[in-house]
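Asks: Input structure: my_file-v1.cif, which contains mmCIF, C-alpha atoms.
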data_my_file
#
loop_
_atom_site.label_atom_id
_atom_site.label_comp_id
_atom_site.auth_asym_id
_atom_site.auth_seq_id
_atom_site.Cartn_x
_atom_site.Cartn_y
_atom_site.Cartn_z
CA MET A 10 -61.11 28.81 33.58
CA ARG A 11 -62.11 27.32 30.22
CA LEU A 12 -61.44 30.68 28.52
CA LEU A 13 -58.04 30.88 30.19
CA LEU A 14 -57.15 27.37 28.96
CA LYS A 15 -58.15 28.37 25.43
CA ILE A 16 -55.95 31.49 25.59
CA VAL A 17 -52.98 29.47 26.87
CA ALA A 18 -53.50 26.84 24.17
CA CYS A 19 -53.64 29.48 21.45
CA ALA A 20 -50.50 31.11 22.80
CA LEU A 21 -48.64 27.78 22.82
CA LEU A 22 -49.74 27.06 19.25
CA ALA A 23 -48.53 30.51 18.14
CA LEU A 24 -45.15 30.01 19.82
CA TYR A 25 -44.85 26.58 18.20
CA ALA A 26 -45.62 28.06 14.77
CA VAL A 27 -43.00 30.80 15.22
CA ALA A 28 -40.42 28.29 16.43
CA SER A 29 -41.13 25.96 13.51
CA THR A 30 -40.74 28.81 11.03
CA ALA A 31 -37.44 29.84 12.60
CA GLN A 32 -36.10 26.30 12.55
CA ASN A 33 -37.08 25.74 8.91
CA GLN A 34 -35.58 28.94 7.52
CA THR A 35 -32.22 28.88 5.82
CA ARG A 36 -29.37 31.36 5.52
CA GLY A 37 -27.74 29.65 2.59
CA GLY A 38 -27.79 31.55 -0.69
CA GLN A 39 -28.76 34.87 0.92
CA TRP A 40 -27.02 38.22 1.26
CA GLU A 41 -27.11 40.08 4.56
CA PHE A 42 -26.58 43.69 5.63
CA THR A 43 -25.67 44.74 9.17
CA LEU A 44 -25.68 47.91 11.27
CA GLN A 45 -22.91 47.60 13.85
CA PRO A 46 -22.87 49.71 17.04
CA GLN A 47 -19.73 48.80 18.96
CA TYR A 48 -17.56 49.67 21.95
CA THR A 49 -13.76 49.39 22.10
CA ASP A 50 -12.32 48.88 25.56
CA SER A 51 -9.51 51.05 26.95
CA THR A 52 -5.93 49.89 26.50
CA SER A 53 -2.33 51.03 27.06
CA PHE A 54 0.93 50.34 25.27
CA SER A 55 4.57 51.35 25.63
CA GLY A 56 7.22 52.43 23.16
CA ALA A 57 10.94 53.15 23.37
CA ASN A 58 12.68 55.20 26.10
CA GLY A 59 9.65 55.25 28.39
CA SER A 60 7.16 56.59 25.87
CA LYS A 61 3.62 55.29 26.30
CA ALA A 62 -0.01 55.91 25.42
CA ASP A 63 -3.28 55.32 27.27
CA LEU A 64 -6.34 54.97 25.04
CA GLU A 65 -9.73 55.50 26.64
CA GLY A 66 -12.76 53.38 25.79
CA ALA A 67 -14.50 54.54 22.63
CA TRP A 68 -17.87 54.08 20.95
CA GLY A 69 -18.02 53.43 17.25
CA PHE A 70 -20.23 52.33 14.40
CA GLY A 71 -19.94 50.19 11.33
CA LEU A 72 -21.68 48.81 8.27
CA GLY A 73 -21.27 45.33 6.86
CA ILE A 74 -22.37 43.15 3.97
CA ALA A 75 -21.84 39.41 3.52
CA TYR A 76 -22.97 36.45 1.44
CA ASN A 77 -24.00 33.12 3.00
CA PHE A 78 -22.68 30.30 0.84
CA ASN A 79 -24.62 27.87 3.03
CA ASP A 80 -26.16 27.77 6.52
CA HIS A 81 -22.69 27.67 8.08
CA PHE A 82 -20.20 29.78 6.11
CA SER A 83 -20.36 33.41 5.02
CA LEU A 84 -17.83 35.81 3.54
CA GLY A 85 -18.14 39.58 3.61
CA GLY A 86 -16.71 42.94 4.52
CA ASP A 87 -17.04 45.63 7.21
CA LEU A 88 -16.40 49.36 7.26
CA THR A 89 -16.11 50.64 10.85
CA TRP A 90 -15.30 53.96 12.50
CA SER A 91 -14.57 55.06 16.08
CA GLN A 92 -13.28 58.08 17.97
CA GLY A 93 -11.81 58.19 21.47
CA ASP A 94 -9.56 60.28 23.70
CA TYR A 95 -5.98 59.41 24.61
CA LYS A 96 -3.10 60.57 26.78
CA ALA A 97 0.49 60.07 25.66
CA THR A 98 3.93 60.44 27.21
CA VAL A 99 6.54 61.57 24.68
CA ALA A 100 10.14 60.69 25.59
CA PRO A 101 13.31 62.33 24.17
CA ALA A 102 15.53 60.22 21.93
CA ALA A 103 19.13 59.42 22.79
CA GLY A 104 21.26 62.56 22.58
CA ASN A 105 18.27 64.88 22.95
CA PRO A 106 18.86 67.12 26.00
CA GLY A 107 15.17 68.06 26.21
CA SER A 108 12.79 66.55 28.72
CA GLY A 109 9.77 64.42 28.00
CA TYR A 110 6.25 65.78 28.02
CA THR A 111 2.66 64.60 28.00
CA LEU A 112 -0.12 65.40 25.57
CA SER A 113 -3.75 64.49 25.11
CA GLY A 114 -5.98 64.39 22.09
CA THR A 115 -8.60 62.51 20.13
CA LEU A 116 -7.77 59.42 18.11
CA GLU A 117 -9.89 58.66 15.05
CA THR A 118 -9.76 55.24 13.43
CA SER A 119 -11.54 53.61 10.51
CA THR A 120 -11.16 50.03 9.32
CA LEU A 121 -11.99 48.29 6.04
CA ARG A 122 -11.91 44.53 6.62
CA LEU A 123 -12.66 41.20 4.89
CA ASN A 124 -14.30 38.62 7.20
CA GLY A 125 -15.03 34.92 7.13
CA THR A 126 -17.68 33.61 9.56
CA TRP A 127 -18.52 30.04 10.56
CA ASN A 128 -21.97 29.46 12.12
CA ILE A 129 -21.55 26.29 14.14
CA LEU A 130 -25.21 25.24 13.95
CA ALA A 131 -27.53 25.37 10.94
CA GLY A 132 -30.54 26.47 13.01
CA ALA A 133 -31.88 29.91 13.82
CA PHE A 134 -29.90 30.15 17.09
CA THR A 135 -26.20 29.40 16.80
CA PRO A 136 -22.80 30.25 18.22
CA PHE A 137 -20.26 31.40 15.64
CA VAL A 138 -16.62 32.37 15.15
CA THR A 139 -15.24 35.08 12.87
CA GLY A 140 -11.80 35.96 11.53
CA GLY A 141 -10.87 39.00 9.47
CA VAL A 142 -8.01 40.96 7.94
CA GLY A 143 -7.96 44.51 6.63
CA ALA A 144 -6.48 47.99 6.81
CA THR A 145 -6.94 50.50 9.65
CA TYR A 146 -6.53 54.23 9.12
CA ILE A 147 -5.38 56.13 12.23
CA ASP A 148 -5.45 59.91 12.67
CA THR A 149 -3.87 61.14 15.93
CA ASN A 150 -4.94 64.76 15.33
CA VAL A 151 -1.39 65.76 16.36
CA PRO A 152 -0.16 68.55 14.02
CA ASN A 153 2.87 67.59 11.94
CA GLY A 154 3.15 70.67 9.75
CA PRO A 155 2.29 74.37 9.52
CA PRO A 156 -1.27 75.52 8.78
CA SER A 157 -2.11 76.26 5.17
CA THR A 158 -5.02 77.99 3.43
CA VAL A 159 -6.78 76.15 0.65
CA CYS A 160 -9.79 77.07 -1.49
CA TRP A 161 -12.38 74.96 -3.25
CA TRP A 162 -15.79 75.04 -4.89
CA ASP A 163 -18.57 73.78 -2.62
CA PRO A 164 -21.85 72.64 -4.27
CA TRP A 165 -23.85 74.53 -1.61
CA TRP A 166 -21.72 77.52 -0.60
CA GLY A 167 -19.84 78.17 -3.82
CA TYR A 168 -16.23 79.35 -3.70
CA TYR A 169 -14.83 78.83 -0.20
CA CYS A 170 -11.41 79.17 1.48
CA GLY A 171 -10.32 77.77 4.83
CA THR A 172 -7.28 76.97 6.94
CA THR A 173 -6.24 73.36 7.46
CA VAL A 174 -3.54 71.84 9.66
CA PRO A 175 -1.92 68.53 8.57
CA THR A 176 -1.95 65.87 11.29
CA LYS A 177 0.00 62.70 11.93
CA ASN A 178 -1.83 59.76 10.34
CA GLU A 179 -1.07 56.35 8.90
CA THR A 180 -2.72 53.22 7.52
CA ASP A 181 -1.72 49.87 9.05
CA LEU A 182 -2.49 46.19 8.61
CA SER A 183 -5.08 44.91 11.10
CA TYR A 184 -6.65 41.57 11.88
CA LEU A 185 -9.49 40.34 14.09
CA ALA A 186 -10.76 37.20 15.83
CA ALA A 187 -14.23 37.01 17.40
CA ALA A 188 -16.80 34.65 18.88
CA GLY A 189 -20.46 35.19 19.69
CA LEU A 190 -24.10 34.19 19.31
CA ARG A 191 -26.56 34.71 16.46
CA TRP A 192 -30.35 34.58 16.40
CA ASP A 193 -32.37 34.64 13.17
CA ALA A 194 -35.68 35.99 14.44
CA GLU A 195 -37.68 35.66 11.21
CA ARG A 196 -37.22 35.47 7.45
CA THR A 197 -35.27 38.69 6.99
CA PHE A 198 -34.20 39.95 10.43
CA PHE A 199 -31.44 38.72 12.74
CA LEU A 200 -29.40 39.82 15.76
CA ARG A 201 -25.80 38.96 16.49
CA GLY A 202 -23.58 39.80 19.45
CA PHE A 203 -19.92 39.02 19.95
CA VAL A 204 -16.65 39.83 21.66
CA ALA A 205 -13.67 40.46 19.37
CA ARG A 206 -9.97 41.04 19.68
CA GLN A 207 -8.43 43.34 17.05
CA TRP A 208 -4.72 43.89 16.49
CA VAL A 209 -3.28 46.83 14.53
CA GLN A 210 0.27 46.33 13.26
CA VAL A 211 1.69 49.80 13.91
CA GLY A 212 5.30 48.57 13.72
CA GLY A 213 8.41 50.09 15.28
CA GLU A 214 9.03 49.50 18.97
CA VAL A 215 5.32 49.03 19.62
CA GLY A 216 4.59 46.23 17.16
CA ALA A 217 0.92 45.16 17.26
CA VAL A 218 -1.57 47.00 19.48
CA GLY A 219 -4.47 44.81 20.62
CA THR A 220 -7.90 46.05 21.70
CA THR A 221 -11.03 44.25 22.88
CA GLN A 222 -14.29 45.13 21.14
CA TYR A 223 -17.92 44.44 22.01
CA ARG A 224 -20.41 44.58 19.15
CA ILE A 225 -24.11 44.06 18.46
CA ASP A 226 -25.14 43.57 14.85
CA ILE A 227 -28.65 44.46 13.68
CA GLY A 228 -29.00 42.49 10.46
CA PHE A 229 -31.27 42.04 7.46
CA ARG A 230 -31.15 39.16 4.96
CA PHE A 231 -32.19 39.49 1.34
#
Now that the file is in, can you turn its structure into structure tokens?
Replies:
Amino acid sequence: MRLLLKIVACALLALYAVASTAQNQTRGGQWEFTLQPQYTDSTSFSGANGSKADLEGAWGFGLGIAYNFNDHFSLGGDLTWSQGDYKATVAPAAGNPGSGYTLSGTLETSTLRLNGTWNILAGAFTPFVTGGVGATYIDTNVPNGPPSTVCWWDPWWGYYCGTTVPTKNETDLSYLAAAGLRWDAERTFFLRGFVARQWVQVGGEVGAVGTTQYRIDIGFRF
């Protein structure tokens, strides 16, 4: 029994020491780097004349870097990428005697974004809010031109020729709002999880397409 009490006492002292270290650490004046596995929920949107698209849920990944001006505010940037399947209904325009049709494919997106984050508490465990604005590149993988053969010099394979097919793609304004929780585990390591809403301003009849994202950041301060 006495040995058990000693073990429990030592364990409590160790937990107290870890907690004290976590509470005394500071984020202010430090850079941080994050690895960002993420999931984008499925969504649907409609266009003109009955056209519509259904986007399936998609996994993605990102990298981020930010600077903490103090224990509360940081400013930084993210580069994220995701790929998911979609189904679309294409409708004929006015005066087009043809009928509509459906197609399916894979949508690839990548986003470069500037973010501002406010950590509500100065301690190691804190809720936070984030807002960001950037540009999102979208490739539908839908051909929009004839195939062409191009050649180039590859550093490994030498002179190489291949056939490429141009696809419909564009770059649009995007913006994001998020809220979550952060835990600074020790001097250099932290975890952060949040739910975000991102809007991509595709324009036309569709306007802004909103998606919900779930993300876990694995971070390192330096």
Asks: Just say which residues the PyMOL selection byres ((chain A and resi 210) around 10) picks in this file, as a list of chain:residue names.
Replies: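 Expected selection for the PyMOL selection byres ((chain A and resi 210) around 10) here is A:Ala144, A:Thr145, A:Thr180, A:Asp181, A:Leu182, A:Ser183, A:Tyr184, A:Gln207, A:Trp208, A:Val209, A:Val211, A:Gly212, A:Gly213, A:Val215, A:Gly216, A:Ala217, A:Val218, A:Gly219.
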Asks: For atom CA of Ala205 of chain A and atom CA of Thr98 of chain A, determine how far apart the two atoms are, in Å to one decimal place.
Replies: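 Atom CA of Thr98 of chain A lies at a distance of 27.8 Å from atom CA of Ala205 of chain A.
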Asks: Please identify all polymer residues within 7 Å of segment 186-198 of chain A, counting only C-alpha atoms, omitting same-chain residues fewer than 6 positions from it, and present them as an MDAnalysis selection string.
Replies: chainID A and resid 31 34 133:141 204:207 228:231
Asks: Any idea what the distance is between atom CA of Leu44 of chain A and atom CA of Trp90 of chain A?
Replies: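 About the pair atom CA of Leu44 of chain A and atom CA of Trp90 of chain A: they are 12.1 Å apart.
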Asks: Please write the residues picked by the PyMOL selection byres ((chain A and resi 94-97) around 6) on this file as a tab-separated table (two decimals) with C-alpha atoms, keeping the file's coordinate frame.
Replies:
chain	number	residue	atom	x	y	z
A	61	LYS	CA	3.62	55.29	26.30
A	62	ALA	CA	-0.01	55.91	25.42
A	63	ASP	CA	-3.28	55.32	27.27
A	64	LEU	CA	-6.34	54.97	25.04
A	65	GLU	CA	-9.73	55.50	26.64
A	93	GLY	CA	-11.81	58.19	21.47
A	98	THR	CA	3.93	60.44	27.21
A	111	THR	CA	2.66	64.60	28.00
A	112	LEU	CA	-0.12	65.40	25.57
A	113	SER	CA	-3.75	64.49	25.11
A	114	GLY	CA	-5.98	64.39	22.09
A	115	THR	CA	-8.60	62.51	20.13
A	116	LEU	CA	-7.77	59.42	18.11
Asks: Could you list, as number ranges by chain, every residue within 8 Å of segment 81-87 of chain A, counting only C-alpha atoms and ignoring same-chain residues fewer than 4 positions away?
Replies: A: 37, 71-77, 120-131
Asks: Atom CA of Thr52 of chain A to atom CA of Gln222 of chain A: how many Å, to one decimal?
Replies: 11.0 Å
Asks: Run the PyMOL selection byres ((chain A and resi 69) around 6) mentally over the shown coordinates, then write out the matched residues as an MDAnalysis selection string, using the chain letters and numbers from the document.
Replies: chainID A and resid 47 68 70 90:91
Asks: Go through A:Thr176, A:Thr43, A:Ser51, A:Thr118 and flag the residue nearest Ile227 of chain A, using all atoms listed in the file for the distances.
Replies: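 Going through A:Thr176, A:Thr43, A:Ser51, A:Thr118 one by one, the smallest distance to Ile227 of chain A is for A:Thr43.
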